[in-house]
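Accompanying notes for the structure given below.
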Amino acid sequence: SDYCDECGVCGGDGIADGACDCDGNVLDECGICGDGSNCIVDIDGNAYQTILIGEQLWMAENLKVTHYNNGDEITHITNNEDWSSYDEGHYGVYDNDPSNADIYGNLYNWAVVVDDRGVCPEGFHVPSDAEYTILTDYLGGESVAGGKMKERGTIEDGDGLWTSPNTDATNESGFTALPGGDHEPWGENQQGGMGYYGSFWSSAEGNTSGEWEFHSCLMLTFDSSLSSWGYHPGQVGMSVRCLQDECTDPEACNYNSDATIDDGSCVYLEENY
């Protein structure tokens, strides 16, 4: 009888050389077998998996880029004394350990988040408060969204990166939030929280209180299912996630009929304006 290959074709040649499945797909930059639609790449060549949650397409990993989208370097801070700027964008790596950047991404101050040169991969941006709220509402509200966003497992059980109990963590959303901690511009131990909480910058404008200007971030913790809002000075270094651009104007070149909020990314033909 005829031999049937792994694709179920009798007398066939099986998976083609260089392909990863019977449909002829190849591994993308994220190492996923498919058509590449779930993987994006930043200006440094770092690849990130994406996940569709409701009608929003999110990066499923923390940002680790070290250049703006025009090629300019983001200032890299390696000592506590220099981690204090509000106006100049900079980033650091937790404990200056490159393996932490590989897993948790970099920690950026707020100036990076809103720099006109752009920090997210092309077609993506740092989300606003409103866009994060769309996410948490879709997941059932702030009281439960955190658990649905956190990666499962605990350090103690050897199957995760969160400290026990990692309350109600299911990651059913696919967001895969990690506890990357933060870097604060005061005190002796300026880095903290790895394993205990993840804080994700919003691009929303902040409020001034005395000499400090505070900006919002979404916070998830090891001991709660909540997704809550935190408010920190712009000098603090925190994690960044990126969201696909959306444009709601039908006259724009990049109109998205499925968009739920206009993030200001609309592009128009010059001759029309």
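Letters for chains follow the order of the structure tokens (A, B, ...), residue numbers begin at 1 for each chain, and ligand numbers begin at 1 in the order shown.
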
- Task: Could you give me, as a list in words, the residues within 6 Å of range 47-57 of chain A, counting only C-alpha atoms and dropping anything in the same chain fewer than 4 positions from it?
- Result: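 Once the nearby chain positions are removed, what remains is Glu29, Cys30, Asn38, Cys39, Ile40, Val41, Leu243 and Gln244 of chain A.
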
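Running DSSP on the backbone and keeping only strand (DSSP E or B), the residues of range 15-135 of chain A that qualify are Val26, Leu27, Cys33, Gly34, Cys39, Ile40, Val41, Ala47, Tyr48, Gln49, Thr50, Ile51, Leu52, Ile53, Gln56, Leu57, Trp58, Met59, His67, Glu73, Thr75, His76, His90, Tyr91, Gly92, Leu107, Tyr108, Phe124 and His125 of chain A.
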
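The space separating CA of Asp223 in chain A from CA of Gly146 in chain A comes to 10.3 Å.
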
- Message: For the structure I just gave you, how does DSSP split range 90-218 of chain A - specifically, which residues are alpha helix (DSSP H)? Reply as a list in words.
- Response: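 These are the residues in question: Pro98, Ser99, Asn100, Ala101, Asp102, Ile103, Tyr104, Trp110, Ala111, Val112, Val113, Asp129, Ala130, Glu131, Tyr132, Thr133, Ile134, Leu135, Thr136, Asp137, Tyr138, Glu142, Ser143, Val144, Ala145, Gly146, Gly147, Lys148 and Met149 of chain A.
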
Would you mind exporting the chosen residues as a CSV table (one decimal), in the first residue's frame, restricted to C-alpha atoms?
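The resulting file, out-v2.csv, is reproduced below:
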chain,number,residue,atom,x,y,z
A,98,PRO,CA,20.5,41.7,30.6
A,99,SER,CA,18.5,38.5,31.3
A,100,ASN,CA,15.9,40.7,33.1
A,101,ALA,CA,15.5,42.8,30.0
A,102,ASP,CA,15.0,39.6,27.9
A,103,ILE,CA,12.2,38.4,30.2
A,104,TYR,CA,10.6,41.5,31.6
A,110,TRP,CA,7.4,58.8,31.2
A,111,ALA,CA,9.4,61.1,28.8
A,112,VAL,CA,10.1,58.1,26.6
A,113,VAL,CA,6.4,57.2,26.5
A,129,ASP,CA,-6.2,55.5,30.2
A,130,ALA,CA,-9.3,55.2,28.0
A,131,GLU,CA,-7.8,52.4,26.0
A,132,TYR,CA,-6.7,50.4,29.1
A,133,THR,CA,-10.2,50.9,30.4
A,134,ILE,CA,-11.7,49.3,27.3
A,135,LEU,CA,-9.4,46.3,28.0
A,136,THR,CA,-10.4,45.9,31.6
A,137,ASP,CA,-14.1,46.4,30.9
A,138,TYR,CA,-13.9,43.7,28.3
A,142,GLU,CA,-11.2,46.2,37.3
A,143,SER,CA,-12.1,43.8,40.2
A,144,VAL,CA,-11.3,40.7,38.1
A,145,ALA,CA,-9.3,41.9,35.1
A,146,GLY,CA,-5.9,41.6,36.8
A,147,GLY,CA,-6.2,37.9,37.4
A,148,LYS,CA,-7.2,37.4,33.7
A,149,MET,CA,-4.2,39.4,32.6

Counting only C-alpha atoms, which residues in range 69-158 of chain A sit no more than 8 Å from range 169-188 of chain A? For each one, give the nearest pair of atoms and the distance in Å, sorted by chain then residue number, as JSON lines.
{"residue": "A:Asn80", "atom": "CA", "partner": "A:Pro185", "partner_atom": "CA", "distance": 7.3}
{"residue": "A:Trp83", "atom": "CA", "partner": "A:Pro185", "partner_atom": "CA", "distance": 5.8}
{"residue": "A:Ser84", "atom": "CA", "partner": "A:Pro185", "partner_atom": "CA", "distance": 5.4}
{"residue": "A:Gly92", "atom": "CA", "partner": "A:His183", "partner_atom": "CA", "distance": 7.9}
{"residue": "A:Tyr94", "atom": "CA", "partner": "A:His183", "partner_atom": "CA", "distance": 7.6}
{"residue": "A:Tyr104", "atom": "CA", "partner": "A:Gly180", "partner_atom": "CA", "distance": 5.3}
{"residue": "A:Gly105", "atom": "CA", "partner": "A:Gly180", "partner_atom": "CA", "distance": 7.7}
{"residue": "A:Leu107", "atom": "CA", "partner": "A:Asp182", "partner_atom": "CA", "distance": 6.5}
{"residue": "A:Leu139", "atom": "CA", "partner": "A:Ser173", "partner_atom": "CA", "distance": 7.5}
{"residue": "A:Gly146", "atom": "CA", "partner": "A:Ala169", "partner_atom": "CA", "distance": 7.6}
{"residue": "A:Gly147", "atom": "CA", "partner": "A:Ala169", "partner_atom": "CA", "distance": 4.2}
{"residue": "A:Lys148", "atom": "CA", "partner": "A:Asn171", "partner_atom": "CA", "distance": 4.6}
{"residue": "A:Met149", "atom": "CA", "partner": "A:Asn171", "partner_atom": "CA", "distance": 4.8}
{"residue": "A:Lys150", "atom": "CA", "partner": "A:Ala177", "partner_atom": "CA", "distance": 4.5}
{"residue": "A:Glu151", "atom": "CA", "partner": "A:Thr176", "partner_atom": "CA", "distance": 4.6}
{"residue": "A:Arg152", "atom": "CA", "partner": "A:Ala169", "partner_atom": "CA", "distance": 5.3}
{"residue": "A:Gly153", "atom": "CA", "partner": "A:Ala169", "partner_atom": "CA", "distance": 7.6}

- Task: With a distance cut-off of 6 Å and only C-alpha atoms, select the neighbouring residues of His215 in chain A, excluding the residue or stretch itself and same-chain residues fewer than 3 positions from it, and output the selection as a PyMOL selection string.
- Result: chain A and resi 206+231-232

Please produce a file of those selected residues containing C-alpha atoms, as a PDB file, in the first residue's frame.
ATOM      1  CA  GLY A 206      -0.704  63.877  34.334  1.00  0.00           C
ATOM      2  CA  TYR A 231      -0.029  57.532  39.909  1.00  0.00           C
ATOM      3  CA  HIS A 232       3.696  58.123  39.833  1.00  0.00           C
TER       4      HIS A 232
END

- Query: Quick one, how far is CA of Asp168 in chain A from CA of Gly140 in chain A?
  - Reply: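 Rounded to one decimal, the two atoms are 13.6 Å apart.
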
- Task: Please measure the separation of CA of Pro233 in chain A and CA of Met219 in chain A, giving the value in Å to one decimal.
- Result: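 Distance between the two atoms: 14.7 Å.
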
- Item | Selected residue, from A:Thr75, A:Gly237, A:Asp87, A:Pro250, that lies nearest to Gly192 in chain A when counting only C-alpha atoms | A:Gly237

- Counting only C-alpha atoms, figure out which residue out of A:Gly12, A:Gly45, A:Gly123, A:Gly71 gets nearest to Val267 in chain A.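 Using only C-alpha atoms, the shortest distance to Val267 in chain A belongs to A:Gly123.
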
Which residues are close to Val114 in chain A, i.e. within 12 Å by only C-alpha atoms, leaving aside same-chain residues fewer than 6 positions away? Reply as an mmCIF file with N, CA, C and O atoms, in the first residue's frame.
data_model
loop_
_atom_site.group_PDB
_atom_site.id
_atom_site.type_symbol
_atom_site.label_atom_id
_atom_site.label_comp_id
_atom_site.auth_asym_id
_atom_site.auth_seq_id
_atom_site.Cartn_x
_atom_site.Cartn_y
_atom_site.Cartn_z
ATOM 1 N N TYR A 68 14.581 55.091 19.573
ATOM 2 C CA TYR A 68 13.331 55.635 19.058
ATOM 3 C C TYR A 68 13.178 55.199 17.597
ATOM 4 O O TYR A 68 14.122 54.705 16.981
ATOM 5 N N TYR A 86 13.154 64.273 34.402
ATOM 6 C CA TYR A 86 11.749 64.256 34.005
ATOM 7 C C TYR A 86 11.608 64.541 32.513
ATOM 8 O O TYR A 86 10.742 63.976 31.841
ATOM 9 N N ASP A 87 12.480 65.395 31.972
ATOM 10 C CA ASP A 87 12.349 65.855 30.589
ATOM 11 C C ASP A 87 13.056 64.965 29.583
ATOM 12 O O ASP A 87 12.614 64.842 28.442
ATOM 13 N N GLU A 88 14.177 64.352 29.981
ATOM 14 C CA GLU A 88 14.924 63.508 29.046
ATOM 15 C C GLU A 88 14.483 62.057 29.182
ATOM 16 O O GLU A 88 14.435 61.499 30.279
ATOM 17 N N GLY A 89 14.175 61.447 28.048
ATOM 18 C CA GLY A 89 13.790 60.045 28.068
ATOM 19 C C GLY A 89 14.960 59.138 28.377
ATOM 20 O O GLY A 89 16.062 59.324 27.856
ATOM 21 N N HIS A 90 14.749 58.186 29.254
ATOM 22 C CA HIS A 90 15.784 57.189 29.499
ATOM 23 C C HIS A 90 15.163 55.879 29.965
ATOM 24 O O HIS A 90 13.991 55.813 30.315
ATOM 25 N N TYR A 108 11.121 52.175 31.560
ATOM 26 C CA TYR A 108 11.224 53.477 30.902
ATOM 27 C C TYR A 108 10.602 54.568 31.762
ATOM 28 O O TYR A 108 9.589 54.341 32.428
ATOM 29 N N CYS A 120 7.117 52.582 20.261
ATOM 30 C CA CYS A 120 6.489 51.296 19.951
ATOM 31 C C CYS A 120 6.783 50.886 18.510
ATOM 32 O O CYS A 120 7.092 51.733 17.671
ATOM 33 N N HIS A 125 1.217 51.962 19.518
ATOM 34 C CA HIS A 125 1.462 53.127 20.372
ATOM 35 C C HIS A 125 1.265 52.739 21.825
ATOM 36 O O HIS A 125 0.697 51.685 22.137
ATOM 37 N N VAL A 126 1.741 53.601 22.735
ATOM 38 C CA VAL A 126 1.508 53.397 24.164
ATOM 39 C C VAL A 126 0.059 53.775 24.467
ATOM 40 O O VAL A 126 -0.374 54.876 24.124
ATOM 41 N N PRO A 127 -0.713 52.903 25.095
ATOM 42 C CA PRO A 127 -2.147 53.160 25.283
ATOM 43 C C PRO A 127 -2.437 54.245 26.305
ATOM 44 O O PRO A 127 -1.631 54.514 27.206
ATOM 45 N N SER A 128 -3.602 54.848 26.145
ATOM 46 C CA SER A 128 -4.097 55.856 27.078
ATOM 47 C C SER A 128 -4.899 55.187 28.192
ATOM 48 O O SER A 128 -5.164 53.981 28.160
ATOM 49 N N TRP A 201 2.931 51.926 32.035
ATOM 50 C CA TRP A 201 2.657 53.338 31.784
ATOM 51 C C TRP A 201 1.453 53.537 30.871
ATOM 52 O O TRP A 201 1.252 52.805 29.904
ATOM 53 N N SER A 202 0.684 54.575 31.165
ATOM 54 C CA SER A 202 -0.317 55.118 30.252
ATOM 55 C C SER A 202 0.270 56.366 29.614
ATOM 56 O O SER A 202 1.146 57.025 30.178
ATOM 57 N N SER A 203 -0.233 56.706 28.429
ATOM 58 C CA SER A 203 0.237 57.915 27.746
ATOM 59 C C SER A 203 -0.561 59.151 28.137
ATOM 60 O O SER A 203 -0.303 60.248 27.625
ATOM 61 N N ALA A 204 -1.536 58.993 29.037
ATOM 62 C CA ALA A 204 -2.382 60.119 29.436
ATOM 63 C C ALA A 204 -1.567 61.200 30.144
ATOM 64 O O ALA A 204 -0.632 60.907 30.891
ATOM 65 N N GLU A 205 -1.923 62.465 29.902
ATOM 66 C CA GLU A 205 -1.266 63.574 30.590
ATOM 67 C C GLU A 205 -1.547 63.498 32.081
ATOM 68 O O GLU A 205 -2.600 63.012 32.522
ATOM 69 N N GLY A 206 -0.590 64.006 32.889
ATOM 70 C CA GLY A 206 -0.704 63.877 34.334
ATOM 71 C C GLY A 206 -1.147 65.138 35.031
ATOM 72 O O GLY A 206 -1.585 66.103 34.409
ATOM 73 N N HIS A 215 1.768 60.801 36.696
ATOM 74 C CA HIS A 215 1.140 60.197 35.528
ATOM 75 C C HIS A 215 0.595 58.827 35.906
ATOM 76 O O HIS A 215 1.075 58.180 36.839
ATOM 77 N N GLY A 234 6.865 61.258 36.760
ATOM 78 C CA GLY A 234 7.361 60.833 35.461
ATOM 79 C C GLY A 234 8.772 60.307 35.473
ATOM 80 O O GLY A 234 9.202 59.652 34.511
ATOM 81 N N VAL A 240 6.358 48.973 29.695
ATOM 82 C CA VAL A 240 5.528 49.544 28.635
ATOM 83 C C VAL A 240 4.959 48.409 27.783
ATOM 84 O O VAL A 240 5.686 47.489 27.393
#

- Nearest to Asp95 in chain A by atom-to-atom distance, counting only C-alpha atoms, from A:Met194, A:Val119, A:Ile32, A:Met59: A:Met194

For Glu6 in chain A, find every residue with an atom within 10 Å (counting only C-alpha atoms), except residues of its own chain fewer than 6 positions away, and show them as a PDB file with N, CA and C atoms, in the first residue's frame.
ATOM      1  N   GLY A  12       2.899  11.227  -0.649  1.00  0.00           N
ATOM      2  CA  GLY A  12       3.381  12.604  -0.611  1.00  0.00           C
ATOM      3  C   GLY A  12       4.784  12.724  -0.072  1.00  0.00           C
ATOM      4  N   ASP A  13       5.323  13.923  -0.152  1.00  0.00           N
ATOM      5  CA  ASP A  13       6.696  14.177   0.295  1.00  0.00           C
ATOM      6  C   ASP A  13       6.768  14.764   1.698  1.00  0.00           C
ATOM      7  N   GLY A  14       5.621  14.921   2.356  1.00  0.00           N
ATOM      8  CA  GLY A  14       5.633  15.469   3.703  1.00  0.00           C
ATOM      9  C   GLY A  14       5.826  16.969   3.735  1.00  0.00           C
ATOM     10  N   ILE A  15       6.203  17.474   4.889  1.00  0.00           N
ATOM     11  CA  ILE A  15       6.416  18.904   5.054  1.00  0.00           C
ATOM     12  C   ILE A  15       7.598  19.355   4.214  1.00  0.00           C
ATOM     13  N   ASP A  21       4.912  23.452   8.716  1.00  0.00           N
ATOM     14  CA  ASP A  21       3.661  22.696   8.744  1.00  0.00           C
ATOM     15  C   ASP A  21       3.262  22.300   7.327  1.00  0.00           C
ATOM     16  N   CYS A  22       2.165  21.584   7.242  1.00  0.00           N
ATOM     17  CA  CYS A  22       1.728  21.055   5.955  1.00  0.00           C
ATOM     18  C   CYS A  22       1.163  22.123   5.030  1.00  0.00           C
TER      19      CYS A  22
END

Which residues are near Gly264 in chain A? Cut-off 12 Å, only C-alpha atoms, ignore same chain within fewer than 2 positions. Put them as an mmCIF file with all heavy atoms, in the first residue's frame.
data_model
loop_
_atom_site.group_PDB
_atom_site.id
_atom_site.type_symbol
_atom_site.label_atom_id
_atom_site.label_comp_id
_atom_site.auth_asym_id
_atom_site.auth_seq_id
_atom_site.Cartn_x
_atom_site.Cartn_y
_atom_site.Cartn_z
ATOM 1 N N GLY A 123 2.995 51.168 13.725
ATOM 2 C CA GLY A 123 1.584 50.797 13.750
ATOM 3 C C GLY A 123 1.043 50.556 15.135
ATOM 4 O O GLY A 123 -0.136 50.218 15.287
ATOM 5 N N PHE A 124 1.883 50.765 16.155
ATOM 6 C CA PHE A 124 1.465 50.569 17.548
ATOM 7 C C PHE A 124 1.824 51.813 18.361
ATOM 8 O O PHE A 124 2.647 52.623 17.949
ATOM 9 C CB PHE A 124 2.160 49.345 18.155
ATOM 10 C CG PHE A 124 1.551 48.031 17.716
ATOM 11 C CD1 PHE A 124 1.702 47.592 16.416
ATOM 12 C CD2 PHE A 124 0.838 47.242 18.603
ATOM 13 C CE1 PHE A 124 1.141 46.392 15.996
ATOM 14 C CE2 PHE A 124 0.276 46.042 18.203
ATOM 15 C CZ PHE A 124 0.426 45.620 16.896
ATOM 16 N N HIS A 125 1.217 51.962 19.518
ATOM 17 C CA HIS A 125 1.462 53.127 20.372
ATOM 18 C C HIS A 125 1.265 52.739 21.825
ATOM 19 O O HIS A 125 0.697 51.685 22.137
ATOM 20 C CB HIS A 125 0.499 54.264 20.006
ATOM 21 C CG HIS A 125 -0.943 53.915 20.262
ATOM 22 N ND1 HIS A 125 -1.696 53.176 19.376
ATOM 23 C CD2 HIS A 125 -1.774 54.185 21.306
ATOM 24 C CE1 HIS A 125 -2.923 53.013 19.854
ATOM 25 N NE2 HIS A 125 -2.988 53.620 21.030
ATOM 26 N N PRO A 127 -0.713 52.903 25.095
ATOM 27 C CA PRO A 127 -2.147 53.160 25.283
ATOM 28 C C PRO A 127 -2.437 54.245 26.305
ATOM 29 O O PRO A 127 -1.631 54.514 27.206
ATOM 30 C CB PRO A 127 -2.688 51.807 25.761
ATOM 31 C CG PRO A 127 -1.506 51.133 26.377
ATOM 32 C CD PRO A 127 -0.316 51.570 25.572
ATOM 33 N N SER A 128 -3.602 54.848 26.145
ATOM 34 C CA SER A 128 -4.097 55.856 27.078
ATOM 35 C C SER A 128 -4.899 55.187 28.192
ATOM 36 O O SER A 128 -5.164 53.981 28.160
ATOM 37 C CB SER A 128 -4.995 56.845 26.336
ATOM 38 O OG SER A 128 -6.156 56.170 25.857
ATOM 39 N N ASP A 245 -2.499 50.836 16.540
ATOM 40 C CA ASP A 245 -3.147 52.106 16.232
ATOM 41 C C ASP A 245 -4.569 51.884 15.717
ATOM 42 O O ASP A 245 -4.860 50.877 15.058
ATOM 43 C CB ASP A 245 -2.356 52.866 15.170
ATOM 44 C CG ASP A 245 -0.984 53.277 15.652
ATOM 45 O OD1 ASP A 245 -0.750 53.259 16.869
ATOM 46 O OD2 ASP A 245 -0.142 53.617 14.800
ATOM 47 N N GLU A 246 -5.421 52.854 16.009
ATOM 48 C CA GLU A 246 -6.796 52.809 15.531
ATOM 49 C C GLU A 246 -7.194 54.180 15.005
ATOM 50 O O GLU A 246 -6.856 55.206 15.588
ATOM 51 C CB GLU A 246 -7.767 52.393 16.638
ATOM 52 C CG GLU A 246 -7.566 50.968 17.120
ATOM 53 C CD GLU A 246 -8.578 50.587 18.169
ATOM 54 O OE1 GLU A 246 -8.912 51.437 19.010
ATOM 55 O OE2 GLU A 246 -9.032 49.434 18.135
ATOM 56 N N CYS A 247 -7.891 54.203 13.889
ATOM 57 C CA CYS A 247 -8.382 55.441 13.293
ATOM 58 C C CYS A 247 -9.845 55.251 12.940
ATOM 59 O O CYS A 247 -10.209 54.285 12.264
ATOM 60 C CB CYS A 247 -7.571 55.784 12.053
ATOM 61 S SG CYS A 247 -8.232 57.190 11.132
ATOM 62 N N THR A 248 -10.686 56.187 13.368
ATOM 63 C CA THR A 248 -12.130 56.046 13.162
ATOM 64 C C THR A 248 -12.679 56.946 12.056
ATOM 65 O O THR A 248 -13.887 56.964 11.837
ATOM 66 C CB THR A 248 -12.879 56.365 14.476
ATOM 67 O OG1 THR A 248 -12.614 57.722 14.857
ATOM 68 C CG2 THR A 248 -12.444 55.426 15.590
ATOM 69 N N ASP A 249 -11.796 57.683 11.358
ATOM 70 C CA ASP A 249 -12.260 58.592 10.311
ATOM 71 C C ASP A 249 -12.287 57.878 8.958
ATOM 72 O O ASP A 249 -11.231 57.506 8.427
ATOM 73 C CB ASP A 249 -11.335 59.807 10.247
ATOM 74 C CG ASP A 249 -11.839 60.863 9.272
ATOM 75 O OD1 ASP A 249 -12.802 60.591 8.524
ATOM 76 O OD2 ASP A 249 -11.268 61.969 9.268
ATOM 77 N N ALA A 252 -9.794 58.794 6.182
ATOM 78 C CA ALA A 252 -8.354 58.591 6.359
ATOM 79 C C ALA A 252 -7.873 57.362 5.601
ATOM 80 O O ALA A 252 -8.632 56.423 5.346
ATOM 81 C CB ALA A 252 -8.024 58.447 7.837
ATOM 82 N N ASN A 254 -5.780 55.145 6.710
ATOM 83 C CA ASN A 254 -5.667 53.997 7.608
ATOM 84 C C ASN A 254 -6.920 53.804 8.447
ATOM 85 O O ASN A 254 -6.860 53.359 9.594
ATOM 86 C CB ASN A 254 -4.441 54.157 8.512
ATOM 87 C CG ASN A 254 -4.495 55.407 9.370
ATOM 88 O OD1 ASN A 254 -5.138 56.397 8.998
ATOM 89 N ND2 ASN A 254 -3.807 55.394 10.504
ATOM 90 N N TYR A 255 -8.079 54.131 7.883
ATOM 91 C CA TYR A 255 -9.359 53.935 8.581
ATOM 92 C C TYR A 255 -9.547 52.473 8.975
ATOM 93 O O TYR A 255 -9.335 51.564 8.179
ATOM 94 C CB TYR A 255 -10.502 54.371 7.668
ATOM 95 C CG TYR A 255 -11.882 53.974 8.139
ATOM 96 C CD1 TYR A 255 -12.365 54.380 9.380
ATOM 97 C CD2 TYR A 255 -12.697 53.190 7.330
ATOM 98 C CE1 TYR A 255 -13.629 54.021 9.815
ATOM 99 C CE2 TYR A 255 -13.975 52.829 7.741
ATOM 100 C CZ TYR A 255 -14.438 53.245 8.990
ATOM 101 O OH TYR A 255 -15.687 52.879 9.407
ATOM 102 N N ALA A 259 -12.433 49.961 14.717
ATOM 103 C CA ALA A 259 -11.856 50.749 15.802
ATOM 104 C C ALA A 259 -12.924 51.205 16.785
ATOM 105 O O ALA A 259 -14.039 51.555 16.403
ATOM 106 C CB ALA A 259 -11.126 51.966 15.244
ATOM 107 N N ILE A 261 -11.928 53.474 19.406
ATOM 108 C CA ILE A 261 -11.521 54.790 19.879
ATOM 109 C C ILE A 261 -10.469 55.345 18.927
ATOM 110 O O ILE A 261 -9.629 54.602 18.415
ATOM 111 C CB ILE A 261 -10.960 54.721 21.328
ATOM 112 C CG1 ILE A 261 -10.702 56.120 21.876
ATOM 113 C CG2 ILE A 261 -9.719 53.875 21.395
ATOM 114 C CD1 ILE A 261 -10.367 56.128 23.357
ATOM 115 N N ASP A 262 -10.549 56.626 18.638
ATOM 116 C CA ASP A 262 -9.583 57.261 17.745
ATOM 117 C C ASP A 262 -8.393 57.726 18.576
ATOM 118 O O ASP A 262 -8.543 58.538 19.496
ATOM 119 C CB ASP A 262 -10.227 58.450 17.025
ATOM 120 C CG ASP A 262 -9.401 58.902 15.833
ATOM 121 O OD1 ASP A 262 -8.183 59.086 15.988
ATOM 122 O OD2 ASP A 262 -9.981 59.067 14.760
ATOM 123 N N CYS A 266 -4.724 58.848 12.569
ATOM 124 C CA CYS A 266 -5.242 58.932 11.205
ATOM 125 C C CYS A 266 -4.230 59.593 10.265
ATOM 126 O O CYS A 266 -3.586 60.585 10.622
ATOM 127 C CB CYS A 266 -6.552 59.714 11.179
ATOM 128 S SG CYS A 266 -7.920 58.901 12.053
ATOM 129 N N VAL A 267 -4.114 59.033 9.058
ATOM 130 C CA VAL A 267 -3.217 59.553 8.038
ATOM 131 C C VAL A 267 -4.050 59.888 6.802
ATOM 132 O O VAL A 267 -4.923 59.110 6.407
ATOM 133 C CB VAL A 267 -2.131 58.519 7.675
ATOM 134 C CG1 VAL A 267 -1.248 59.044 6.551
ATOM 135 C CG2 VAL A 267 -1.302 58.172 8.902
ATOM 136 N N TYR A 268 -3.773 61.045 6.179
ATOM 137 C CA TYR A 268 -4.577 61.507 5.046
ATOM 138 C C TYR A 268 -3.704 61.772 3.825
ATOM 139 O O TYR A 268 -2.521 62.121 3.954
ATOM 140 C CB TYR A 268 -5.312 62.804 5.432
ATOM 141 C CG TYR A 268 -6.210 62.672 6.633
ATOM 142 C CD1 TYR A 268 -5.732 62.985 7.902
ATOM 143 C CD2 TYR A 268 -7.515 62.244 6.494
ATOM 144 C CE1 TYR A 268 -6.541 62.851 9.016
ATOM 145 C CE2 TYR A 268 -8.345 62.122 7.606
ATOM 146 C CZ TYR A 268 -7.860 62.424 8.868
ATOM 147 O OH TYR A 268 -8.677 62.304 9.967
#
